[in-house]
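Source file: work21.tsv; contents: TSV, C-alpha atoms.
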chain	number	residue	atom	x	y	z
A	29	MET	CA	-33.57	-39.38	31.49
A	30	LYS	CA	-30.02	-39.40	30.18
A	31	LYS	CA	-31.27	-40.74	26.89
A	32	VAL	CA	-33.77	-37.91	26.55
A	33	ILE	CA	-31.07	-35.31	27.19
A	34	ILE	CA	-28.73	-37.01	24.73
A	35	ILE	CA	-31.48	-36.99	22.09
A	36	PHE	CA	-32.14	-33.27	22.69
A	37	LEU	CA	-28.47	-32.48	22.56
A	38	THR	CA	-28.09	-34.45	19.34
A	39	ILE	CA	-31.03	-32.62	17.72
A	40	PHE	CA	-29.71	-29.22	18.73
A	41	SER	CA	-26.13	-29.92	17.81
A	42	THR	CA	-27.31	-31.14	14.39
A	43	ALA	CA	-29.38	-27.98	13.92
A	44	PHE	CA	-26.43	-25.83	15.02
A	45	THR	CA	-24.02	-27.69	12.72
A	46	GLN	CA	-26.41	-27.22	9.82
A	47	VAL	CA	-26.60	-23.48	10.45
A	48	GLN	CA	-22.80	-23.35	10.67
A	49	ALA	CA	-22.40	-25.42	7.50
A	50	GLN	CA	-24.80	-23.15	5.64
A	51	GLU	CA	-22.84	-20.12	6.80
A	52	THR	CA	-19.50	-21.65	5.73
A	53	ALA	CA	-20.92	-22.60	2.33
A	54	THR	CA	-22.20	-19.05	1.80
A	55	ALA	CA	-18.85	-17.59	2.84
A	56	SER	CA	-16.89	-19.80	0.46
A	57	ALA	CA	-19.33	-19.01	-2.34
A	58	VAL	CA	-18.82	-15.30	-1.69
A	59	ILE	CA	-15.03	-15.73	-1.70
A	60	ASP	CA	-15.22	-17.68	-4.93
A	61	GLY	CA	-17.46	-15.04	-6.46
A	62	VAL	CA	-15.15	-12.14	-5.66
A	63	TYR	CA	-13.25	-11.13	-8.73
A	64	GLN	CA	-9.75	-9.80	-8.72
A	65	LYS	CA	-11.13	-6.44	-9.77
A	66	GLU	CA	-13.32	-6.25	-6.70
A	67	ARG	CA	-10.38	-7.13	-4.47
A	68	LEU	CA	-8.37	-4.38	-6.12
A	69	ALA	CA	-11.20	-1.92	-5.56
A	70	GLN	CA	-11.26	-2.94	-1.91
A	71	ASP	CA	-7.48	-2.46	-1.64
A	72	ILE	CA	-7.83	1.00	-3.15
A	73	LYS	CA	-10.55	1.88	-0.66
A	74	GLU	CA	-8.42	0.70	2.27
A	75	THR	CA	-5.31	2.50	1.02
A	76	LYS	CA	-7.32	5.73	0.70
A	77	ARG	CA	-8.49	5.29	4.29
A	78	THR	CA	-4.91	4.67	5.47
A	79	LEU	CA	-3.70	7.74	3.58
A	80	LEU	CA	-6.35	9.99	5.11
A	81	GLY	CA	-5.50	8.68	8.60
A	82	GLN	CA	-1.79	9.27	8.05
A	83	LEU	CA	-2.44	12.77	6.70
A	84	THR	CA	-4.45	13.71	9.78
A	85	GLU	CA	-1.62	12.46	11.99
A	86	TYR	CA	0.92	14.29	9.83
A	87	ASP	CA	-0.93	17.62	10.07
A	88	THR	CA	-0.89	17.47	13.88
A	89	LEU	CA	2.79	16.57	13.99
A	90	ASP	CA	3.73	19.20	11.41
A	91	LYS	CA	2.04	21.91	13.49
A	92	ARG	CA	3.96	20.78	16.57
A	93	TYR	CA	7.20	20.88	14.55
A	94	ASP	CA	6.43	24.43	13.35
A	95	ILE	CA	5.82	25.55	16.94
A	96	SER	CA	9.05	23.94	18.14
A	97	LEU	CA	10.95	25.61	15.30
A	98	ALA	CA	9.46	29.01	16.18
A	99	GLN	CA	10.42	28.42	19.82
A	100	PHE	CA	14.00	27.64	18.85
A	101	TYR	CA	14.25	30.83	16.78
A	102	ASN	CA	12.81	32.83	19.69
A	103	LEU	CA	14.59	31.24	22.63
A	104	LYS	CA	17.80	30.21	20.83
A	105	THR	CA	18.55	27.52	23.40
A	106	LEU	CA	20.04	24.08	22.83
A	107	GLU	CA	17.06	22.52	24.59
A	108	ALA	CA	14.64	24.14	22.11
A	109	LEU	CA	16.91	23.04	19.25
A	110	GLN	CA	16.86	19.44	20.46
A	111	ASP	CA	13.06	19.55	20.64
A	112	ALA	CA	12.88	20.90	17.10
A	113	VAL	CA	15.28	18.23	15.81
A	114	GLU	CA	13.23	15.46	17.46
A	115	LEU	CA	9.95	16.75	16.05
A	116	GLY	CA	11.54	17.45	12.66
A	117	LYS	CA	12.80	13.87	12.56
A	118	ASP	CA	9.33	12.48	13.42
A	119	THR	CA	7.65	14.73	10.86
A	120	MET	CA	10.13	13.65	8.17
A	121	PHE	CA	9.45	10.00	8.96
A	122	LEU	CA	5.68	10.40	8.82
A	123	ARG	CA	6.00	12.41	5.59
A	124	SER	CA	7.82	9.48	3.96
A	125	GLN	CA	5.05	7.15	5.17
A	126	VAL	CA	2.35	9.42	3.72
A	127	LEU	CA	4.16	9.61	0.38
A	128	THR	CA	4.70	5.83	0.30
A	129	THR	CA	0.97	5.26	0.86
A	130	TYR	CA	0.12	7.81	-1.83
A	131	LEU	CA	2.42	6.05	-4.29
A	132	ARG	CA	0.82	2.72	-3.36
A	133	LEU	CA	-2.58	4.23	-4.10
A	134	LEU	CA	-1.40	5.43	-7.51
A	135	GLU	CA	0.08	2.00	-8.18
A	136	LEU	CA	-3.20	0.23	-7.38
A	137	GLN	CA	-5.21	2.65	-9.49
A	138	LEU	CA	-2.82	2.14	-12.37
A	139	ILE	CA	-3.08	-1.65	-12.11
A	140	GLU	CA	-6.88	-1.35	-12.05
A	141	VAL	CA	-7.19	0.91	-15.11
A	142	GLU	CA	-7.64	-0.83	-18.47
A	143	GLY	CA	-7.17	1.63	-21.31
A	144	ALA	CA	-3.55	2.60	-20.57
A	145	GLU	CA	-0.90	2.42	-23.27
A	146	LEU	CA	1.21	-0.54	-22.11
A	147	SER	CA	4.70	0.93	-22.43
A	148	LEU	CA	3.60	4.03	-20.49
A	149	LYS	CA	1.94	1.91	-17.83
A	150	LYS	CA	5.09	-0.16	-17.44
A	151	GLU	CA	7.21	2.98	-17.20
A	152	ALA	CA	4.89	4.51	-14.61
A	153	LEU	CA	4.92	1.37	-12.46
A	154	ALA	CA	8.73	1.26	-12.62
A	155	ARG	CA	8.90	4.90	-11.51
A	156	ILE	CA	6.57	4.21	-8.60
A	157	GLU	CA	8.76	1.27	-7.55
A	158	ARG	CA	11.90	3.40	-7.76
A	159	ASP	CA	10.34	6.18	-5.66
A	160	LYS	CA	9.07	3.72	-3.07
A	161	ASN	CA	12.58	2.29	-2.74
A	162	ASP	CA	14.03	5.79	-2.38
A	163	LEU	CA	11.52	6.51	0.36
A	164	ALA	CA	12.46	3.29	2.15
A	165	LEU	CA	16.12	4.35	2.07
A	166	ALA	CA	15.18	7.83	3.26
A	167	GLN	CA	13.29	6.29	6.19
A	168	LYS	CA	16.40	4.35	7.23
A	169	GLN	CA	18.42	7.57	7.13
A	170	ILE	CA	15.79	9.48	9.11
A	171	LYS	CA	15.90	6.88	11.88
A	172	GLN	CA	19.61	7.63	12.35
A	173	ILE	CA	19.13	11.38	12.82
A	174	LYS	CA	20.48	12.64	16.13
A	175	ASP	CA	21.31	16.31	15.51
A	176	ARG	CA	20.56	19.33	13.33
A	177	GLU	CA	23.38	18.59	10.89
A	178	GLN	CA	22.08	15.07	10.19
A	179	LEU	CA	18.54	16.41	9.83
A	180	ASN	CA	19.63	18.97	7.24
A	181	GLN	CA	21.68	16.34	5.42
A	182	ALA	CA	18.61	14.12	5.17
A	183	ALA	CA	16.64	17.14	3.93
A	184	ASP	CA	19.25	17.79	1.20
A	185	GLU	CA	19.13	14.20	0.06
A	186	PHE	CA	15.35	14.21	0.00
A	187	VAL	CA	15.19	17.08	-2.53
A	188	ILE	CA	15.67	14.79	-5.55
A	189	THR	CA	13.40	12.08	-4.11
A	190	GLY	CA	10.67	14.65	-3.48
A	191	GLU	CA	10.91	16.05	-7.02
A	192	ASN	CA	10.83	12.56	-8.48
A	193	ILE	CA	7.70	11.70	-6.52
A	194	GLN	CA	5.94	14.86	-7.68
A	195	GLN	CA	6.79	14.06	-11.30
A	196	THR	CA	5.71	10.44	-10.94
A	197	ALA	CA	2.42	11.57	-9.42
A	198	ALA	CA	1.82	14.01	-12.28
A	199	PHE	CA	2.73	11.37	-14.86
A	200	VAL	CA	0.48	8.70	-13.29
A	201	ASN	CA	-2.44	11.09	-12.86
A	202	SER	CA	-2.24	12.11	-16.54
A	203	LEU	CA	-2.01	8.47	-17.51
A	204	LEU	CA	-5.02	7.57	-15.36
A	205	SER	CA	-7.17	10.36	-16.79
A	206	LEU	CA	-6.33	9.44	-20.38
A	207	SER	CA	-6.68	5.70	-19.76
A	208	LYS	CA	-10.16	6.06	-18.29
A	209	LEU	CA	-11.30	8.09	-21.28
A	210	GLN	CA	-9.63	5.59	-23.62
A	211	THR	CA	-11.56	2.75	-21.96
A	212	VAL	CA	-14.85	4.55	-22.59
A	213	TYR	CA	-13.81	5.28	-26.17
A	214	ASP	CA	-12.80	1.65	-26.87
A	215	GLN	CA	-16.09	0.30	-25.53
A	216	SER	CA	-18.08	2.93	-27.44
A	217	GLU	CA	-16.28	2.02	-30.65
A	218	ILE	CA	-17.38	-1.63	-30.35
A	219	LEU	CA	-20.90	-0.50	-29.59
A	220	VAL	CA	-21.03	1.82	-32.61
A	221	LYS	CA	-20.07	-1.09	-34.86
A	222	LYS	CA	-22.74	-3.36	-33.38
A	223	ILE	CA	-25.48	-0.74	-33.57
A	224	GLU	CA	-24.46	0.07	-37.14
A	225	ASP	CA	-24.86	-3.62	-38.05
A	226	LYS	CA	-28.31	-3.58	-36.48
A	227	VAL	CA	-29.26	-0.49	-38.48
A	228	ASP	CA	-28.01	-2.09	-41.71
A	229	ASN	CA	-30.28	-5.06	-41.08
A	230	LEU	CA	-33.42	-2.99	-40.59
A	231	GLU	CA	-36.33	-4.03	-42.80
A	232	SER	CA	-38.05	-0.68	-43.10
A	233	ALA	CA	-36.21	1.33	-45.78
A	234	LEU	CA	-37.37	4.65	-44.36
A	235	LEU	CA	-36.23	3.88	-40.82
A	236	LYS	CA	-32.99	2.41	-42.15
A	237	ALA	CA	-32.14	5.57	-44.15
A	238	ARG	CA	-32.92	7.79	-41.17
A	239	GLN	CA	-30.84	5.74	-38.73
A	240	GLN	CA	-27.94	5.39	-41.17
A	241	SER	CA	-27.78	9.14	-41.31
A	242	SER	CA	-27.72	9.23	-37.50
A	243	ILE	CA	-24.94	6.65	-37.44
A	244	LYS	CA	-22.89	8.86	-39.77
A	245	GLU	CA	-23.11	11.68	-37.23
A	246	VAL	CA	-22.22	9.28	-34.43
A	247	LYS	CA	-19.13	8.16	-36.35
A	248	ARG	CA	-18.10	11.74	-37.02
A	249	LEU	CA	-18.18	12.47	-33.31
A	250	LYS	CA	-16.39	9.20	-32.54
A	251	ASP	CA	-13.57	9.95	-35.00
A	252	GLN	CA	-13.12	13.47	-33.67
A	253	THR	CA	-12.93	12.14	-30.11
A	254	ASN	CA	-10.36	9.57	-31.13
A	255	GLN	CA	-8.29	12.23	-32.85
A	256	ASP	CA	-8.34	14.46	-29.77
A	257	LEU	CA	-7.40	11.55	-27.53
A	258	GLN	CA	-4.52	10.53	-29.79
A	259	VAL	CA	-3.05	14.04	-29.65
A	260	LEU	CA	-2.87	13.82	-25.86
A	261	TRP	CA	-1.42	10.29	-25.93
A	262	LEU	CA	1.30	11.39	-28.37
A	263	ASP	CA	2.17	14.36	-26.16
A	264	LEU	CA	2.50	12.09	-23.15
A	265	VAL	CA	4.68	9.60	-25.04
A	266	LYS	CA	6.88	12.48	-26.22
A	267	ILE	CA	7.29	13.84	-22.70
A	268	ASN	CA	8.14	10.36	-21.48
A	269	GLN	CA	10.85	10.02	-24.14
A	270	ASP	CA	12.30	13.41	-23.27
A	271	LYS	CA	13.28	12.65	-19.70
A	272	HIS	CA	15.60	15.61	-19.22
A	273	ASP	CA	12.91	18.19	-18.61
A	274	ARG	CA	11.64	17.27	-15.15
A	275	GLU	CA	8.90	19.91	-15.09
A	276	GLN	CA	7.17	18.66	-18.23
A	277	TYR	CA	5.08	15.98	-16.53
A	278	ILE	CA	3.76	18.48	-13.99
A	279	ASN	CA	3.04	21.10	-16.66
A	280	PHE	CA	1.32	18.51	-18.86
A	281	ASN	CA	-0.84	17.23	-16.02
A	282	ASN	CA	-1.82	20.76	-15.02
A	283	GLY	CA	-2.43	21.83	-18.60
A	284	ILE	CA	-4.59	19.03	-19.94
A	285	SER	CA	-7.64	19.56	-17.74
A	286	SER	CA	-9.54	21.55	-20.39
A	287	GLU	CA	-8.76	18.97	-23.14
A	288	ILE	CA	-9.77	16.17	-20.78
A	289	ASN	CA	-13.05	17.95	-20.04
A	290	ASP	CA	-13.71	18.42	-23.77
A	291	ILE	CA	-13.07	14.74	-24.55
A	292	TYR	CA	-15.25	13.69	-21.64
A	293	GLY	CA	-18.04	15.92	-22.99
A	294	GLN	CA	-17.67	14.39	-26.47
A	295	LEU	CA	-17.81	10.85	-25.09
A	296	SER	CA	-20.86	11.73	-23.06
A	297	GLN	CA	-22.54	13.08	-26.21
A	298	LEU	CA	-21.52	9.97	-28.12
A	299	ILE	CA	-23.21	7.72	-25.55
A	300	THR	CA	-26.37	9.86	-25.62
A	301	TYR	CA	-26.46	9.52	-29.43
A	302	LEU	CA	-25.97	5.74	-29.21
A	303	ASP	CA	-28.75	5.48	-26.65
A	304	GLU	CA	-31.05	7.39	-29.00
A	305	VAL	CA	-30.24	5.26	-32.05
A	306	LEU	CA	-30.58	2.06	-30.04
A	307	ALA	CA	-34.01	3.12	-28.80
A	308	ASN	CA	-35.12	3.68	-32.41
A	309	VAL	CA	-33.87	0.37	-33.79
A	310	LYS	CA	-35.00	-1.85	-30.90
B	27	MET	CA	-71.72	-65.14	64.20
B	28	SER	CA	-70.28	-66.06	60.95
B	29	ASN	CA	-71.80	-62.90	59.56
B	30	ASN	CA	-70.14	-60.91	62.30
B	31	GLN	CA	-66.95	-62.72	61.60
B	32	GLU	CA	-67.22	-61.84	57.92
B	33	SER	CA	-68.01	-58.23	58.60
B	34	PHE	CA	-65.12	-58.08	61.03
B	35	ASP	CA	-62.82	-59.61	58.41
B	36	MET	CA	-63.97	-57.11	55.88
B	37	GLN	CA	-63.51	-54.29	58.35
B	38	GLN	CA	-60.15	-55.66	59.33
B	39	GLY	CA	-59.20	-56.00	55.66
B	40	ALA	CA	-60.25	-52.42	55.09
B	41	ILE	CA	-58.18	-51.37	58.04
B	42	PHE	CA	-55.18	-53.23	56.65
B	43	GLU	CA	-55.70	-51.78	53.19
B	44	THR	CA	-55.86	-48.29	54.62
B	45	ALA	CA	-52.79	-49.00	56.60
B	46	ASN	CA	-51.02	-50.35	53.55
B	47	GLU	CA	-52.05	-47.30	51.51
B	48	SER	CA	-50.87	-44.95	54.18
B	49	LEU	CA	-47.63	-46.86	54.34
B	50	LEU	CA	-47.23	-46.80	50.52
B	51	LYS	CA	-48.08	-43.09	50.04
B	52	PRO	CA	-44.71	-41.55	51.04
B	53	ALA	CA	-42.87	-43.91	48.71
B	54	GLN	CA	-45.23	-43.09	45.82
B	55	THR	CA	-44.93	-39.36	46.52
B	56	ARG	CA	-41.17	-39.70	46.48
B	57	VAL	CA	-41.34	-41.47	43.11
B	58	GLN	CA	-43.76	-38.83	41.80
B	59	LYS	CA	-41.58	-36.04	43.10
B	60	LYS	CA	-38.55	-37.66	41.47
B	61	SER	CA	-40.31	-37.97	38.11
B	62	ASN	CA	-41.53	-34.36	38.45
B	63	LYS	CA	-37.96	-33.26	39.02
B	64	LYS	CA	-36.88	-35.17	35.92
B	65	LEU	CA	-39.62	-33.54	33.89
B	66	ILE	CA	-38.66	-30.08	35.12
B	67	LEU	CA	-35.02	-30.83	34.30
B	68	ILE	CA	-35.90	-32.01	30.77
B	69	VAL	CA	-38.11	-28.97	30.17
B	70	SER	CA	-35.37	-26.67	31.53
B	71	VAL	CA	-32.73	-28.23	29.31
B	72	PHE	CA	-35.11	-27.99	26.35
B	73	ILE	CA	-35.90	-24.32	27.03
B	74	ALA	CA	-32.21	-23.51	27.56
B	75	LEU	CA	-31.26	-25.12	24.26
B	76	LEU	CA	-34.15	-23.39	22.52
B	77	VAL	CA	-32.98	-20.03	23.86
B	78	ILE	CA	-29.40	-20.74	22.71
B	79	LEU	CA	-30.63	-21.68	19.24
B	80	LEU	CA	-32.81	-18.57	19.03
B	81	LEU	CA	-29.88	-16.41	20.14
B	82	VAL	CA	-27.64	-17.96	17.48
B	83	LEU	CA	-30.30	-17.36	14.83
B	84	VAL	CA	-30.89	-13.76	15.94
B	85	MET	CA	-27.15	-13.08	15.95
B	86	LYS	CA	-26.86	-14.45	12.45
B	87	ARG	CA	-29.76	-12.34	11.18
B	88	LYS	CA	-28.71	-9.66	8.70
B	89	PRO	CA	-29.21	-6.04	9.71
B	90	GLN	CA	-32.19	-4.26	8.20
B	91	GLN	CA	-30.07	-1.90	6.09
B	92	GLN	CA	-28.19	-4.80	4.54
B	93	ILE	CA	-31.43	-6.56	3.64
B	94	ILE	CA	-32.78	-3.39	2.00
B	95	GLN	CA	-29.50	-2.80	0.16
B	96	GLU	CA	-29.50	-6.37	-1.12
B	97	ALA	CA	-33.11	-6.02	-2.22
B	98	ILE	CA	-32.28	-2.85	-4.15
B	99	GLU	CA	-29.25	-4.51	-5.76
B	100	GLU	CA	-31.38	-7.51	-6.67
B	101	GLU	CA	-33.95	-5.19	-8.23
B	102	GLU	CA	-31.23	-3.49	-10.25
B	103	VAL	CA	-29.93	-6.86	-11.42
B	104	VAL	CA	-33.46	-7.84	-12.48
B	105	LYS	CA	-33.80	-4.54	-14.35
B	106	LEU	CA	-30.45	-5.17	-16.09
B	107	GLU	CA	-31.51	-8.71	-16.93
B	108	ASN	CA	-34.50	-7.33	-18.80
B	109	LEU	CA	-32.24	-5.32	-21.08
B	110	SER	CA	-31.05	-6.51	-24.48
B	111	PRO	CA	-27.30	-7.34	-24.83
B	112	LEU	CA	-26.68	-4.05	-26.62
B	113	GLU	CA	-28.54	-2.07	-23.97
B	114	LYS	CA	-26.55	-3.85	-21.27
B	115	GLN	CA	-23.33	-2.98	-23.05
B	116	LEU	CA	-24.42	0.63	-23.29
B	117	LYS	CA	-25.12	0.67	-19.54
B	118	GLU	CA	-21.61	-0.65	-18.93
B	119	VAL	CA	-20.12	2.13	-21.06
B	120	GLU	CA	-22.17	4.67	-19.11
B	121	GLN	CA	-20.70	3.28	-15.89
B	122	GLU	CA	-17.17	3.58	-17.30
B	123	LEU	CA	-17.97	7.16	-18.31
B	124	ASP	CA	-18.95	7.94	-14.72
B	125	LEU	CA	-15.59	6.59	-13.56
B	126	ALA	CA	-13.80	8.80	-16.10
B	127	ASP	CA	-15.57	11.98	-14.98
B	128	PRO	CA	-12.81	14.61	-14.57
B	129	SER	CA	-14.93	16.56	-12.09
B	130	ALA	CA	-15.12	13.53	-9.76
B	131	LYS	CA	-13.33	14.09	-6.46
B	132	LYS	CA	-9.76	12.85	-6.66
B	133	ILE	CA	-7.19	12.54	-3.92
B	134	PRO	CA	-4.69	15.35	-4.55
B	135	PHE	CA	-0.96	15.16	-3.98
B	136	PRO	CA	-0.47	15.09	-0.18
B	137	GLN	CA	0.03	18.55	1.27
B	138	VAL	CA	3.28	17.78	3.09
B	139	ASN	CA	6.27	19.95	3.85
B	140	MET	CA	8.89	18.89	1.31
B	141	ASN	CA	11.58	21.01	2.93
B	142	ILE	CA	11.95	20.10	6.58
B	143	ARG	CA	15.22	21.62	7.79
B	144	ILE	CA	16.51	23.73	10.63
B	145	GLU	CA	18.64	26.70	9.68
B	146	ALA	CA	20.70	28.66	12.20
B	147	GLU	CA	21.84	32.28	11.84
B	148	TYR	CA	25.48	31.23	11.95
B	149	ASP	CA	25.16	28.69	9.09
B	150	ASP	CA	27.29	29.30	5.99
What is this file in structure tokens?
Amino acid sequence: MKKVIIIFLTIFSTAFTQVQAQETATASAVIDGVYQKERLAQDIKETKRTLLGQLTEYDTLDKRYDISLAQFYNLKTLEALQDAVELGKDTMFLRSQVLTTYLRLLELQLIEVEGAELSLKKEALARIERDKNDLALAQKQIKQIKDREQLNQAADEFVITGENIQQTAAFVNSLLSLSKLQTVYDQSEILVKKIEDKVDNLESALLKARQQSSIKEVKRLKDQTNQDLQVLWLDLVKINQDKHDREQYINFNNGISSEINDIYGQLSQLITYLDEVLANVK
Amino acid sequence: MSNNQESFDMQQGAIFETANESLLKPAQTRVQKKSNKKLILIVSVFIALLVILLLVLVMKRKPQQQIIQEAIEEEEVVKLENLSPLEKQLKEVEQELDLADPSAKKIPFPQVNMNIRIEAEYDD
């Protein structure tokens, strides 16, 4: 009897172990197969989720702070003032957390993007690091707030930090937009060369002449796109060199949307052309 | 006489046999009952283990949506595998273009109050 049970137990434990082993092997294969890029994409996704959660929390707290402030102005009591200081302090702290998460998101996106001009990317990452450190210092100061005077002092000191963060965000967003377009352009350029080689090796003279003419048009569009992209890159480099005008990054980021749209349209047309030529020379 | 004796012996033997059988029966029944109990126990253990194994397998089964998603992805991979290297490269560029779309939803600068302060009428 005991033997029979032992045999059954052995069979089932073996089967169970096999299932477990299979599962472990699959898991390790998945881990091995995950590229750094995928991990980065996952981090970006999680940071976005954290940011949205923090923003929801912030909105609620900010409304409560506004109400407490209105109450203080109406009632003009020390009790109402203390409530407003407490809520102002909490709102300030959460604001710094929201901004830190936003900067982290920009940082991850910048690390992920490929087509960025290296010196600009380095500069942007350094700015993000500086702003994150400033926010960490601001958080320490906020924790010490006990009265209205200290709250206003923290607010005064945050002015520069806040402006810096806005500029960094504008700078990084411009850099991200241009880098993404640059990536598409760089890959298209390689593709144009390869398709051109394929056209040059065509046996049919008639088809070859026709496709060579198409390639000429493709290259015209490619060169124009490159020229337009370079103008924007040069502007961004110039703004980065001229660090005295703090508003320039924000103005540049707000002003380039139409140029960005145009370049995107050109790249889209370029890919459509390449698709067409490739279909003809297959 | 001898015949009677024989028939008596046979009858007596039969009586003894019956007596022996009736004496043996409870012991045999006990043995049978014991072996039945063992069998029931083995079957119960077997069924219990089978149920556990089935539960483990069911728990490890992938949800329907995941299976469908994987099938779609696999189909896409097969489709991509049928493409020439240049066509594949073109597909990759198209994907990069989608990522660069300026109209794609971006997370804007957080709408936070950058000037949290409490002013009083009697401030300087």
- Quick one: of A:Asp270, A:Glu157, A:Glu231, A:Glu185, who's nearest to chain B, counting only C-alpha atoms? A:Glu185
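Once region 122-139 of chain B and its same-chain neighbours fewer than 6 positions away are set aside, Lys208, Leu209 and Val212 of chain A remain within 6 Å of it when counting all atoms listed in the file.
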- May I ask you to extract the residues of chain A within 7 Å of chain B, using only C-alpha atoms, and to give them as number ranges by chain? A: 29, 33, 116, 120, 123, 176, 179-180, 183, 190, 205, 208-209, 212, 215-216, 289, 292
- Query: If we count only C-alpha atoms, what is near Lys236 (chain A) at a cut-off of 12 Å, once residues fewer than 2 positions away on the same chain are taken out, given as a list in words?
  - Reply: Ile223, Glu224, Asp225, Lys226, Val227, Asp228, Asn229, Leu230, Glu231, Ser232, Ala233, Leu234, Arg238, Gln239, Gln240, Ser241, Ser242, Ile243, Val305, Asn308 and Val309 of chain A
What would the file look like if the residues just selected were written as a PDB file, in the coordinates of the input with C-alpha atoms?
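File written: selection_13.pdb
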ATOM      1  CA  ILE A 223     -25.480  -0.740 -33.570  1.00  0.00           C
ATOM      2  CA  GLU A 224     -24.460   0.070 -37.140  1.00  0.00           C
ATOM      3  CA  ASP A 225     -24.860  -3.620 -38.050  1.00  0.00           C
ATOM      4  CA  LYS A 226     -28.310  -3.580 -36.480  1.00  0.00           C
ATOM      5  CA  VAL A 227     -29.260  -0.490 -38.480  1.00  0.00           C
ATOM      6  CA  ASP A 228     -28.010  -2.090 -41.710  1.00  0.00           C
ATOM      7  CA  ASN A 229     -30.280  -5.060 -41.080  1.00  0.00           C
ATOM      8  CA  LEU A 230     -33.420  -2.990 -40.590  1.00  0.00           C
ATOM      9  CA  GLU A 231     -36.330  -4.030 -42.800  1.00  0.00           C
ATOM     10  CA  SER A 232     -38.050  -0.680 -43.100  1.00  0.00           C
ATOM     11  CA  ALA A 233     -36.210   1.330 -45.780  1.00  0.00           C
ATOM     12  CA  LEU A 234     -37.370   4.650 -44.360  1.00  0.00           C
ATOM     13  CA  ARG A 238     -32.920   7.790 -41.170  1.00  0.00           C
ATOM     14  CA  GLN A 239     -30.840   5.740 -38.730  1.00  0.00           C
ATOM     15  CA  GLN A 240     -27.940   5.390 -41.170  1.00  0.00           C
ATOM     16  CA  SER A 241     -27.780   9.140 -41.310  1.00  0.00           C
ATOM     17  CA  SER A 242     -27.720   9.230 -37.500  1.00  0.00           C
ATOM     18  CA  ILE A 243     -24.940   6.650 -37.440  1.00  0.00           C
ATOM     19  CA  VAL A 305     -30.240   5.260 -32.050  1.00  0.00           C
ATOM     20  CA  ASN A 308     -35.120   3.680 -32.410  1.00  0.00           C
ATOM     21  CA  VAL A 309     -33.870   0.370 -33.790  1.00  0.00           C
TER      22      VAL A 309
END
- Query: Any idea what's packed within 8 Å of region 136-141 of chain A, counting all atoms listed in the file, ignoring anything in its chain fewer than 6 positions away? Could you give it as an NGL selection string?
  - Reply: :A and (65 or 68-69 or 71-72 or 149 or 153 or 200 or 204 or 207-208)
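Between Gln125 (chain A) and the candidates A:Ala237, A:Leu97, A:Ala144, A:Ile170, the tightest atom-to-atom separation, counting all atoms listed in the file, involves A:Ile170.
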- What does the distance between CA of Lys150 (chain A) and CA of Ala198 (chain A) come to in Å, to one decimal place?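 Separation between CA of Lys150 (chain A) and CA of Ala198 (chain A): 15.4 Å.
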Could you give me the axis-aligned bounding box of region 133-143 of chain B, with 6 Å of padding per side, as centre plus edge lengths in Å to one decimal, as JSON?
{"center_x": 4.0, "center_y": 17.1, "center_z": 1.6, "size_x": 34.4, "size_y": 21.1, "size_z": 24.3}
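You will find CA of Leu262 (chain A) at 24.0 Å from CA of Gln297 (chain A).
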- Message: Given the point (-1.8, 18.1, -15.4) in the coordinates of this file, which residues lie within 10 Å, counting all atoms listed in the file, and how would they look as a list in words?
- Response: Ala197, Ala198, Phe199, Val200, Asn201, Ser202, Leu203, Ser205, Gln276, Tyr277, Ile278, Asn279, Phe280, Asn281, Asn282, Gly283, Ile284, Ser285, Ser286 and Ile288 of chain A
